[in-house]
>>> print(open('start36.cif').read())   # mmCIF, C-alpha atoms
data_run
#
loop_
_atom_site.group_PDB
_atom_site.id
_atom_site.type_symbol
_atom_site.label_atom_id
_atom_site.label_comp_id
_atom_site.auth_asym_id
_atom_site.auth_seq_id
_atom_site.Cartn_x
_atom_site.Cartn_y
_atom_site.Cartn_z
ATOM 1 C CA MET A 1 -2.491 -20.770 15.597
ATOM 2 C CA GLU A 2 -2.081 -17.011 15.335
ATOM 3 C CA ALA A 3 -5.222 -14.850 15.329
ATOM 4 C CA ILE A 4 -5.929 -12.927 12.129
ATOM 5 C CA THR A 5 -8.026 -9.782 11.720
ATOM 6 C CA SER A 6 -9.442 -8.749 8.333
ATOM 7 C CA TRP A 7 -9.677 -5.150 7.162
ATOM 8 C CA ILE A 8 -11.213 -3.593 4.029
ATOM 9 C CA VAL A 9 -9.384 -0.865 2.081
ATOM 10 C CA GLY A 10 -11.307 0.061 -1.070
ATOM 11 C CA ILE A 11 -11.318 -3.066 -3.256
ATOM 12 C CA LEU A 12 -8.799 -4.897 -1.053
ATOM 13 C CA MET A 13 -9.157 -7.112 1.994
ATOM 14 C CA LEU A 14 -6.131 -7.406 4.286
ATOM 15 C CA ALA A 15 -5.743 -10.297 6.707
ATOM 16 C CA LEU A 16 -3.254 -9.061 9.305
ATOM 17 C CA PRO A 17 -1.834 -11.026 12.236
ATOM 18 C CA ALA A 18 -2.950 -10.043 15.722
ATOM 19 C CA GLY A 19 -1.099 -7.062 17.111
ATOM 20 C CA TRP A 20 -1.742 -4.664 14.241
ATOM 21 C CA THR A 21 -4.030 -1.787 15.262
ATOM 22 C CA GLN A 22 -5.769 0.332 12.649
ATOM 23 C CA THR A 23 -5.069 4.017 13.287
ATOM 24 C CA SER A 24 -6.786 5.587 10.272
ATOM 25 C CA THR A 25 -9.001 4.737 7.338
ATOM 26 C CA LYS A 26 -10.479 6.965 4.668
ATOM 27 C CA CYS A 27 -12.169 6.684 1.267
ATOM 28 C CA GLU A 28 -12.984 9.777 -0.761
ATOM 29 C CA GLU A 29 -13.183 11.143 -4.277
ATOM 30 C CA VAL A 30 -10.195 13.393 -5.008
ATOM 31 C CA SER A 31 -8.936 15.440 -7.939
ATOM 32 C CA VAL A 32 -6.226 13.933 -10.123
ATOM 33 C CA ILE A 33 -3.231 16.284 -10.056
ATOM 34 C CA HIS A 34 -1.830 16.719 -13.588
ATOM 35 C CA GLY A 35 -4.913 14.956 -14.987
ATOM 36 C CA ALA A 36 -7.602 16.236 -17.292
ATOM 37 C CA PRO A 37 -9.575 19.212 -15.949
ATOM 38 C CA ASP A 38 -12.049 18.034 -13.301
ATOM 39 C CA GLN A 39 -10.708 14.427 -13.450
ATOM 40 C CA LYS A 40 -11.510 12.551 -10.236
ATOM 41 C CA THR A 41 -10.405 9.250 -8.738
ATOM 42 C CA GLU A 42 -11.435 7.293 -5.655
ATOM 43 C CA GLU A 43 -8.652 7.299 -3.052
ATOM 44 C CA CYS A 44 -8.859 4.833 -0.181
ATOM 45 C CA SER A 45 -6.153 4.642 2.456
ATOM 46 C CA ALA A 46 -5.593 2.954 5.776
ATOM 47 C CA GLN A 47 -2.815 2.821 8.321
ATOM 48 C CA TRP A 48 -1.925 0.363 11.086
ATOM 49 C CA THR A 49 0.705 0.216 13.804
ATOM 50 C CA LYS A 50 2.252 -2.640 15.746
ATOM 51 C CA GLY A 51 4.701 -1.339 18.322
ATOM 52 C CA GLU A 52 7.160 0.839 16.374
ATOM 53 C CA ALA A 53 6.126 -0.674 13.011
ATOM 54 C CA GLN A 54 3.757 1.173 10.705
ATOM 55 C CA LEU A 55 1.846 -0.127 7.648
ATOM 56 C CA THR A 56 0.116 2.064 5.050
ATOM 57 C CA VAL A 57 -2.056 0.997 2.108
ATOM 58 C CA PHE A 58 -3.411 3.202 -0.684
ATOM 59 C CA VAL A 59 -5.873 2.142 -3.379
ATOM 60 C CA TRP A 60 -6.714 4.513 -6.218
ATOM 61 C CA LYS A 61 -9.537 3.607 -8.576
ATOM 62 C CA PRO A 62 -9.023 4.047 -11.480
ATOM 63 C CA VAL A 63 -5.812 6.148 -11.435
ATOM 64 C CA VAL A 64 -3.247 7.547 -8.976
ATOM 65 C CA ALA A 65 -4.271 10.983 -7.750
ATOM 66 C CA ARG A 66 -0.812 12.530 -7.409
ATOM 67 C CA ASP A 67 2.904 11.883 -7.286
ATOM 68 C CA GLY A 68 3.986 11.196 -3.711
ATOM 69 C CA GLY A 69 7.459 12.664 -4.213
ATOM 70 C CA PRO A 70 10.956 11.322 -4.908
ATOM 71 C CA MET A 71 11.979 7.826 -3.881
ATOM 72 C CA GLU A 72 15.478 6.373 -3.743
ATOM 73 C CA SER A 73 15.802 2.610 -3.585
ATOM 74 C CA VAL A 74 18.853 1.073 -1.883
ATOM 75 C CA GLU A 75 17.779 -2.557 -2.344
ATOM 76 C CA ASP A 76 15.239 -4.292 -4.581
ATOM 77 C CA ASN A 77 13.841 -7.794 -4.128
ATOM 78 C CA LYS A 78 11.156 -9.899 -5.748
ATOM 79 C CA GLY A 79 7.821 -10.197 -4.005
ATOM 80 C CA LYS A 80 4.244 -11.283 -4.660
ATOM 81 C CA LEU A 81 1.030 -9.307 -4.316
ATOM 82 C CA LEU A 82 -2.338 -10.710 -5.365
ATOM 83 C CA GLY A 83 -0.495 -13.607 -7.025
ATOM 84 C CA LYS A 84 1.500 -11.263 -9.254
ATOM 85 C CA ASP A 85 5.255 -10.658 -9.241
ATOM 86 C CA VAL A 86 6.134 -7.263 -7.771
ATOM 87 C CA LEU A 87 9.294 -5.377 -6.923
ATOM 88 C CA VAL A 88 9.775 -4.713 -3.197
ATOM 89 C CA SER A 89 12.150 -1.823 -2.585
ATOM 90 C CA ARG A 90 13.931 -0.784 0.600
ATOM 91 C CA THR A 91 14.329 2.983 0.428
ATOM 92 C CA SER A 92 16.593 5.664 1.808
ATOM 93 C CA THR A 93 14.201 8.365 0.539
ATOM 94 C CA PHE A 94 10.454 7.889 0.241
ATOM 95 C CA MET A 95 7.799 10.465 -0.624
ATOM 96 C CA GLY A 96 10.512 13.095 -0.708
ATOM 97 C CA THR A 97 11.700 12.437 2.860
ATOM 98 C CA ALA A 98 14.788 10.602 4.097
ATOM 99 C CA GLN A 99 13.204 7.436 5.484
ATOM 100 C CA GLU A 100 13.609 3.703 5.223
ATOM 101 C CA VAL A 101 10.493 1.843 4.184
ATOM 102 C CA LEU A 102 9.677 -1.350 2.345
ATOM 103 C CA VAL A 103 7.371 -0.495 -0.522
ATOM 104 C CA THR A 104 5.643 -2.109 -3.459
ATOM 105 C CA SER A 105 2.959 -1.134 -5.931
ATOM 106 C CA LEU A 106 0.720 -2.904 -8.403
ATOM 107 C CA GLU A 107 -1.445 -1.782 -11.294
ATOM 108 C CA LEU A 108 -4.644 -3.782 -11.792
ATOM 109 C CA THR A 109 -6.538 -3.940 -15.049
ATOM 110 C CA GLU A 110 -9.721 -5.570 -13.709
ATOM 111 C CA PRO A 111 -10.866 -3.666 -11.811
ATOM 112 C CA LYS A 112 -8.752 -0.751 -13.019
ATOM 113 C CA ALA A 113 -6.873 0.385 -9.924
ATOM 114 C CA GLN A 114 -3.458 1.268 -8.512
ATOM 115 C CA ILE A 115 -2.223 -0.164 -5.210
ATOM 116 C CA LEU A 116 0.609 1.137 -3.003
ATOM 117 C CA VAL A 117 1.713 -0.715 0.144
ATOM 118 C CA TYR A 118 4.559 0.428 2.373
ATOM 119 C CA ALA A 119 5.808 -0.300 5.852
ATOM 120 C CA LYS A 120 8.322 1.102 8.328
ATOM 121 C CA GLY A 121 9.981 -1.048 10.947
ATOM 122 C CA THR A 122 9.218 -4.446 9.392
ATOM 123 C CA SER A 123 11.527 -7.121 8.041
ATOM 124 C CA PRO A 124 11.297 -8.182 4.387
ATOM 125 C CA GLU A 125 9.822 -11.504 5.555
ATOM 126 C CA GLU A 126 7.138 -9.789 7.626
ATOM 127 C CA PHE A 127 6.369 -7.403 4.758
ATOM 128 C CA GLN A 128 5.902 -10.341 2.364
ATOM 129 C CA SER A 129 3.687 -12.042 4.945
ATOM 130 C CA ILE A 130 1.535 -8.893 4.985
ATOM 131 C CA LEU A 131 1.387 -8.906 1.169
ATOM 132 C CA ASP A 132 0.393 -12.586 1.256
ATOM 133 C CA GLY A 133 -2.639 -11.582 3.335
ATOM 134 C CA VAL A 134 -3.967 -9.162 0.686
ATOM 135 C CA SER A 135 -6.859 -10.270 -1.521
ATOM 136 C CA LEU A 136 -9.446 -8.620 -3.732
ATOM 137 C CA GLY A 137 -12.702 -8.034 -1.878
ATOM 138 C CA LYS A 138 -15.957 -9.235 -3.344
#
>>> encode(input="start36.cif", output="structure tokens")
Amino acid sequence: MEAITSWIVGILMLALPAGWTQTSTKCEEVSVIHGAPDQKTEECSAQWTKGEAQLTVFVWKPVVARDGGPMESVEDNKGKLLGKDVLVSRTSTFMGTAQEVLVTSLELTEPKAQILVYAKGTSPEEFQSILDGVSLGK
């Protein structure tokens, strides 16, 4: 049986297989770019590495703070996150930079939040396994 470690990112709990090491975590109130004057949102983010692989999770509550930049998808597949159908894209450009990542996002209505999960250096199967380990925290 493989060891699992649980991590909290905002309203989410991630159960990651052994080998992933958290390299950063942050939760702060930030201004919403292109929002109403003085509009704020809570932005929580965390990043992990496992060898050359890198995983990043963002949670914005209640709205996304800013546009991350252009993305170009070269392949789209179905995935699941929190029991909901999501689109998992493999990119050639992500956040305005030429890079291949697997990425998905989900908008929640209760609680009102936006989730972004992306990974470099993982297979689609490993990425889905990571998504399967995401749950809403209590």
>>> residues_around(input="start36.cif", residues="A:Asp67", least_positions_apart="3", cutoff="12 Å", atoms="only C-alpha atoms", output="number ranges by chain")
A: 32-35, 63-64, 70-71, 94-96, 116
>>> closest_residue(input="start36.cif", among="A:Val74, A:Ile11, A:Leu55, A:Ala36", to="A:Lys112", atoms="only C-alpha atoms")
A:Ile11
>>> closest_residue(input="start36.cif", among="A:Val101, A:Val9, A:Val134, A:Leu106", to="A:Ala53", atoms="only C-alpha atoms")
A:Val101
>>> closest_residue(input="start36.cif", among="A:Ala98, A:Thr5, A:Asp132, A:Arg66", to="A:Asp85", atoms="all atoms listed in the file")
A:Asp132
>>> closest_residue(input="start36.cif", among="A:Leu82, A:Ile8, A:Ala65, A:Ala113", to="A:Ser135", atoms="only C-alpha atoms")
A:Leu82
